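Peer 1: I'd like to ask you about the structure that follows.
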Amino acid sequence: MCGIVGFAGKTKCIPIIYSGLEALEYRGYDSAGIAYIYNDKINIIKEKGKLINLKKKLDFDINSTIAIGHTRWATHGNANITNAHPHQVGKFTVVHNGIIENYIELKNKLSKKGYQFKSETDTEVISALLDYNYKLEKDILKAIDKTKKELIGSFALGILCSDDIKDIYALRYSSPLILASFTNGNFLASDIPAILNYTNKYIILENLEIAKINKETITIYNKDLKEVKHSYHTYNGEKSNVQKNSYEHFMLKEINEEDKVYKNTINSYFDGTLKSLNENFGFLKKYKKIDIVACGSAYHTGVIAKSLLENYANIKVYTEVASEYRYKKCFYDKDTLVILVSQSGETADTLAALRKAKNDKIKTLAIVNAIDSSIAREADYVLYTKAGPEIAVATTKAYLAQLTVFSLITLYLAYINNQLSSKEIDNIIKDIIKLPRLIKKEINNYQIYYNIADKIYENKQVFFIGRGLDYANSLEGALKLKEISYINSVAYQAGELKHGTISLIENKTPVIAIATDEVIIDKTISNIKEVKARNAYVIYVSSINPKDIFYDDFIKIEKVHPILQSILTIIPLQLLAYKVAKNNKCDIDKPRNLAKSVTVE
Ligand code: AGP
């Protein structure tokens, strides 16, 4: 959600900024712009829509070596050129990621001082406030410092001042910003992919710190304006992870990486022995109650984990979406653990939920993919998923890695709580070992799911149904389909349909019925027969061969222990959603209105 790249160096900067913005496209945006220094002046070029529109307006040969660039995901005001960043007021030009909550009050105050505003954005108010404070302080650093104290909300800022055309200033609070350098200059950026063409070393700017970047140096000032030094972090992933290679879409590439991602995640915590689980998860022993908090797909892994932990480890779990949890009364006690799940590690609501728990002195565990992200750094404990960078907005491999971590946690807690026989533990371990092969097999069966997608892609609505764990799987299947294909797909508990929703079933309405839970399968099948009797088009997804034919299509998935089953169940649903979206010619990797990293509330 919004991407920032800034560069000050000894080489032409427009190509560098543009390729950095391209690398941040995955975050989601609907307009873009660049401010660059040329002939000692700040020049601004902006365009709505995709980066390619901006590209047509840029001179890649221009002899400019300092610039800030931005991709905007509209929050305040439509996606148009006026609202696109950078925003210039007086001497200050700003790009911003985040939301300023008190911008109306600030705008009123500044209007009274004579400032006029062209856009509807909160960002333009920051530029005006900087300009106003600079007139008072007569010093750029002090003006930025004063401004940061007046802003309420979240902000990562790249700032140019026309009185100092050699430097870029950066400031952040609650939204991420990294700094980096290579032989030809220095960077600021929202995320690592923006710098990977030049370096894999980066510094994390901490909350309320200000950085000054020029072609020679990066200087960081702490919240009291004292100069501080931070050590460099190294990104060890492959650069090819953030490239599509021969795949048509990142989503497809990322699904095809799922067996490897599963293996990497398992190998980080489990060497085949229960001892290794104890070493990695031993800290969990003392918690008797768990809250799992997350957004979107990450929340769905929490719904699955609740079912697993309660049924197999006998631990009471409360799962909630972060945007609700952060404002809710929470019934903590001293042995509650709050688990935050996030791919990006920057999701604003999840981060706020983490801070709420910490505020109440409750211990927190982050299950996070992005290394060194805010959620990873602020939690008491971190378990990293090993999915590598995920570029497609629709999460696939990171979701699967989150499920993998939860499976291992369930196995460990079930074991120490004496909930599993040693024979059952041995069987689970055998399944853990054979899973990469089964994941690959399911991916290789893609043609089966594609054929079904070809039959249903023109429908306006699709239902997903299941019970228990399979209802949780349905939630993710439905989200995957709707977010990339724009088809209204909704998940229901199979037994709940007849209390209202079944009235929506018409001739040939697709119903994707998931039934992997042997204990309750007969009940689910009864519900499936109820929709079939109303002429629904039933796609039956199960690890168990049906006794009679009550479906139109059957997706057979491999059967493993329920602790691991959802890892396999989701793969056909991801590939089905992919093909439906492809048939509908949707922008699969960057669906409309969505952002990869949701850094606003
Ligand atoms: C899923 O495909 C979505 N893109 C979305 O629901 C996502 O899972 C959610 O925004 C949470 O993101 P996070 O994992 O980065 O916190």
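Chain labels follow the order of the structure tokens: the first chain is A, the next B, and so on; residue numbering restarts at 1 in every chain, and ligands are counted from 1 in their shown order.
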Please return as number ranges by chain the residues found within 8 Å of ligand 1, counting only C-alpha atoms and all ligand atoms.
Peer 2: A: 294-299, 341-347, 350, 368, 393-396, 398-399, 479-480, 483, 594-598
Peer 1: Need the shell around Leu383 (chain A): protein/DNA/RNA residues with any atom at most 12 Å away, counting only C-alpha atoms. Skip same-chain ones fewer than 3 positions apart. Format as an MDAnalysis selection string?
Peer 2: chainID A and resid 265:266 268:269 280:281 283:284 339:343 345 364:372 375:377 379:380 386 401:402 404:406 408:409
Peer 1: May I ask for the distance between CA of Pro572 (chain A) and CA of Glu442 (chain A), given in Å to one decimal place?
Peer 2: 7.0 Å
Peer 1: Looking only at helix (DSSP H, G or I) from DSSP on the backbone, list the matching residues of region 124-341 of chain A as an NGL selection string.
Peer 2: :A and (124-137 or 140-150 or 192-194 or 239-242 or 250-256 or 258-269 or 274-286 or 296-312 or 322-325)
Peer 1: Residues within 8 Å of region 261-263 of chain A, please, as a PyMOL selection string. Count only C-alpha atoms; anything in the same chain fewer than 4 positions from it doesn't count.
Peer 2: chain A and resi 257+267+386-388+397+400-401+404+436
Peer 1: Write out as number ranges by chain each polymer residue whose atoms come within 12 Å of region 517-534 of chain A, counting only C-alpha atoms; drop sequence neighbours fewer than 5 positions from it.
Peer 2: A: 307-308, 463-473, 492-499, 501-512, 539-552, 559-566, 569
Peer 1: Could those residues be written to a file, using C-alpha atoms, as a short mmCIF file (atom, residue, chain, number, x, y, z; two decimals), in the first residue's frame?
Peer 2:
```
data_model
loop_
_atom_site.label_atom_id
_atom_site.label_comp_id
_atom_site.auth_asym_id
_atom_site.auth_seq_id
_atom_site.Cartn_x
_atom_site.Cartn_y
_atom_site.Cartn_z
CA SER A 307 -9.85 -25.82 15.36
CA LEU A 308 -6.54 -27.74 15.50
CA PHE A 463 -20.63 -20.61 -2.74
CA PHE A 464 -18.09 -22.46 -0.62
CA ILE A 465 -19.40 -24.72 2.11
CA GLY A 466 -17.86 -26.95 4.77
CA ARG A 467 -18.06 -27.84 8.44
CA GLY A 468 -15.47 -27.30 11.16
CA LEU A 469 -11.99 -27.25 9.68
CA ASP A 470 -13.50 -27.40 6.21
CA TYR A 471 -15.52 -24.27 6.87
CA ALA A 472 -12.21 -22.57 7.70
CA ASN A 473 -10.79 -23.87 4.40
CA TYR A 492 -20.88 -20.75 4.73
CA GLN A 493 -20.98 -23.41 7.39
CA ALA A 494 -22.66 -26.25 5.47
CA GLY A 495 -25.26 -26.81 8.18
CA GLU A 496 -26.25 -23.15 8.24
CA LEU A 497 -27.37 -22.89 4.60
CA LYS A 498 -30.95 -23.92 5.20
CA HIS A 499 -31.38 -21.05 7.66
CA THR A 501 -28.71 -18.75 2.28
CA ILE A 502 -30.11 -21.74 0.42
CA SER A 503 -32.68 -19.36 -1.11
CA LEU A 504 -29.83 -18.05 -3.29
CA ILE A 505 -29.22 -21.42 -4.90
CA GLU A 506 -30.49 -21.46 -8.47
CA ASN A 507 -30.13 -23.77 -11.40
CA LYS A 508 -26.35 -24.36 -11.91
CA THR A 509 -25.16 -22.07 -9.09
CA PRO A 510 -21.63 -23.36 -8.36
CA VAL A 511 -21.22 -24.72 -4.84
CA ILE A 512 -17.73 -25.79 -3.84
CA ILE A 539 -17.81 -29.32 -6.98
CA TYR A 540 -16.92 -31.79 -4.26
CA VAL A 541 -13.46 -31.36 -2.71
CA SER A 542 -12.50 -34.25 -0.47
CA SER A 543 -9.79 -36.64 0.64
CA ILE A 544 -12.39 -39.39 1.03
CA ASN A 545 -13.95 -41.27 -1.88
CA PRO A 546 -17.72 -40.71 -1.94
CA LYS A 547 -20.10 -43.67 -1.56
CA ASP A 548 -22.56 -42.32 -4.13
CA ILE A 549 -22.66 -39.58 -6.73
CA PHE A 550 -24.07 -36.30 -5.46
CA TYR A 551 -21.66 -33.99 -7.27
CA ASP A 552 -20.90 -32.72 -10.76
CA LYS A 559 -5.50 -37.80 2.79
CA VAL A 560 -3.13 -36.92 5.63
CA HIS A 561 -3.56 -36.36 9.36
CA PRO A 562 -6.09 -33.56 10.05
CA ILE A 563 -3.30 -31.50 11.66
CA LEU A 564 -1.76 -31.25 8.18
CA GLN A 565 -4.79 -31.68 5.91
CA SER A 566 -5.58 -28.00 5.27
CA THR A 569 -6.87 -28.69 0.78
#
```
Peer 1: Using only C-alpha atoms for the distances, tell me which of A:Tyr169, A:Phe117, A:Phe554, A:Tyr412 is nearest to Ala8 (chain A).
Peer 2: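 With only C-alpha atoms as the atom set, the closest residue is A:Tyr169.
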Peer 1: Between CA of Lys316 (chain A) and CA of Lys328 (chain A), what is the distance in Å, rounded to a tenth?
Peer 2: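 Calculated distance between CA of Lys316 (chain A) and CA of Lys328 (chain A) is 18.5 Å.
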Peer 1: Using DSSP on the backbone coordinates, identify the residues of region 70-100 of chain A assigned to strand (DSSP E or B); present them as a PyMOL selection string.
Peer 2: chain A and resi 70-72+87-89+92-100
Peer 1: Can you write just those residues out, N, CA and C atoms, as a PDB file, in the first residue's frame?
Peer 2:
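Contents of out24.pdb, freshly written:
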```pdb
ATOM      1  N   HIS A  70       6.930   7.777  -5.915  1.00  0.00           N
ATOM      2  CA  HIS A  70       5.836   7.278  -5.087  1.00  0.00           C
ATOM      3  C   HIS A  70       4.795   6.545  -5.915  1.00  0.00           C
ATOM      4  N   THR A  71       4.277   5.448  -5.377  1.00  0.00           N
ATOM      5  CA  THR A  71       3.058   4.849  -5.920  1.00  0.00           C
ATOM      6  C   THR A  71       1.989   5.038  -4.857  1.00  0.00           C
ATOM      7  N   ARG A  72       0.833   5.591  -5.252  1.00  0.00           N
ATOM      8  CA  ARG A  72      -0.216   5.933  -4.275  1.00  0.00           C
ATOM      9  C   ARG A  72      -1.383   4.965  -4.355  1.00  0.00           C
ATOM     10  N   HIS A  87       3.486  15.875  -3.262  1.00  0.00           N
ATOM     11  CA  HIS A  87       2.736  17.102  -3.023  1.00  0.00           C
ATOM     12  C   HIS A  87       3.692  18.209  -2.614  1.00  0.00           C
ATOM     13  N   GLN A  88       3.539  19.333  -3.304  1.00  0.00           N
ATOM     14  CA  GLN A  88       4.448  20.448  -3.027  1.00  0.00           C
ATOM     15  C   GLN A  88       3.654  21.626  -2.471  1.00  0.00           C
ATOM     16  N   VAL A  89       4.115  22.142  -1.333  1.00  0.00           N
ATOM     17  CA  VAL A  89       3.542  23.383  -0.799  1.00  0.00           C
ATOM     18  C   VAL A  89       4.723  24.254  -0.363  1.00  0.00           C
ATOM     19  N   PHE A  92       8.421  22.853   0.353  1.00  0.00           N
ATOM     20  CA  PHE A  92       8.498  21.421   0.679  1.00  0.00           C
ATOM     21  C   PHE A  92       7.709  20.531  -0.286  1.00  0.00           C
ATOM     22  N   THR A  93       8.367  19.448  -0.689  1.00  0.00           N
ATOM     23  CA  THR A  93       7.749  18.456  -1.573  1.00  0.00           C
ATOM     24  C   THR A  93       7.818  17.110  -0.861  1.00  0.00           C
ATOM     25  N   VAL A  94       6.679  16.424  -0.797  1.00  0.00           N
ATOM     26  CA  VAL A  94       6.586  15.255   0.084  1.00  0.00           C
ATOM     27  C   VAL A  94       5.951  14.056  -0.625  1.00  0.00           C
ATOM     28  N   VAL A  95       6.500  12.861  -0.357  1.00  0.00           N
ATOM     29  CA  VAL A  95       5.790  11.607  -0.666  1.00  0.00           C
ATOM     30  C   VAL A  95       5.519  10.926   0.667  1.00  0.00           C
ATOM     31  N   HIS A  96       4.381  10.230   0.745  1.00  0.00           N
ATOM     32  CA  HIS A  96       3.906   9.756   2.048  1.00  0.00           C
ATOM     33  C   HIS A  96       3.254   8.391   1.926  1.00  0.00           C
ATOM     34  N   ASN A  97       3.551   7.540   2.882  1.00  0.00           N
ATOM     35  CA  ASN A  97       2.814   6.281   3.056  1.00  0.00           C
ATOM     36  C   ASN A  97       2.226   6.309   4.458  1.00  0.00           C
ATOM     37  N   GLY A  98       0.921   6.125   4.566  1.00  0.00           N
ATOM     38  CA  GLY A  98       0.272   6.140   5.882  1.00  0.00           C
ATOM     39  C   GLY A  98      -0.970   7.008   5.851  1.00  0.00           C
ATOM     40  N   ILE A  99      -1.468   7.335   7.038  1.00  0.00           N
ATOM     41  CA  ILE A  99      -2.670   8.180   7.136  1.00  0.00           C
ATOM     42  C   ILE A  99      -2.477   9.176   8.264  1.00  0.00           C
ATOM     43  N   ILE A 100      -2.788  10.426   7.993  1.00  0.00           N
ATOM     44  CA  ILE A 100      -2.725  11.433   9.048  1.00  0.00           C
ATOM     45  C   ILE A 100      -4.142  11.629   9.585  1.00  0.00           C
TER      46      ILE A 100
END
```
Peer 1: Find the residues around Tyr202 (chain A) up to 9 Å (only C-alpha atoms counted), leave out those fewer than 6 positions away in its own chain, and share them as JSON, numbers by chain.
Peer 2: {"A": [178, 179, 180, 181, 192, 195, 231, 232, 233, 234, 235]}
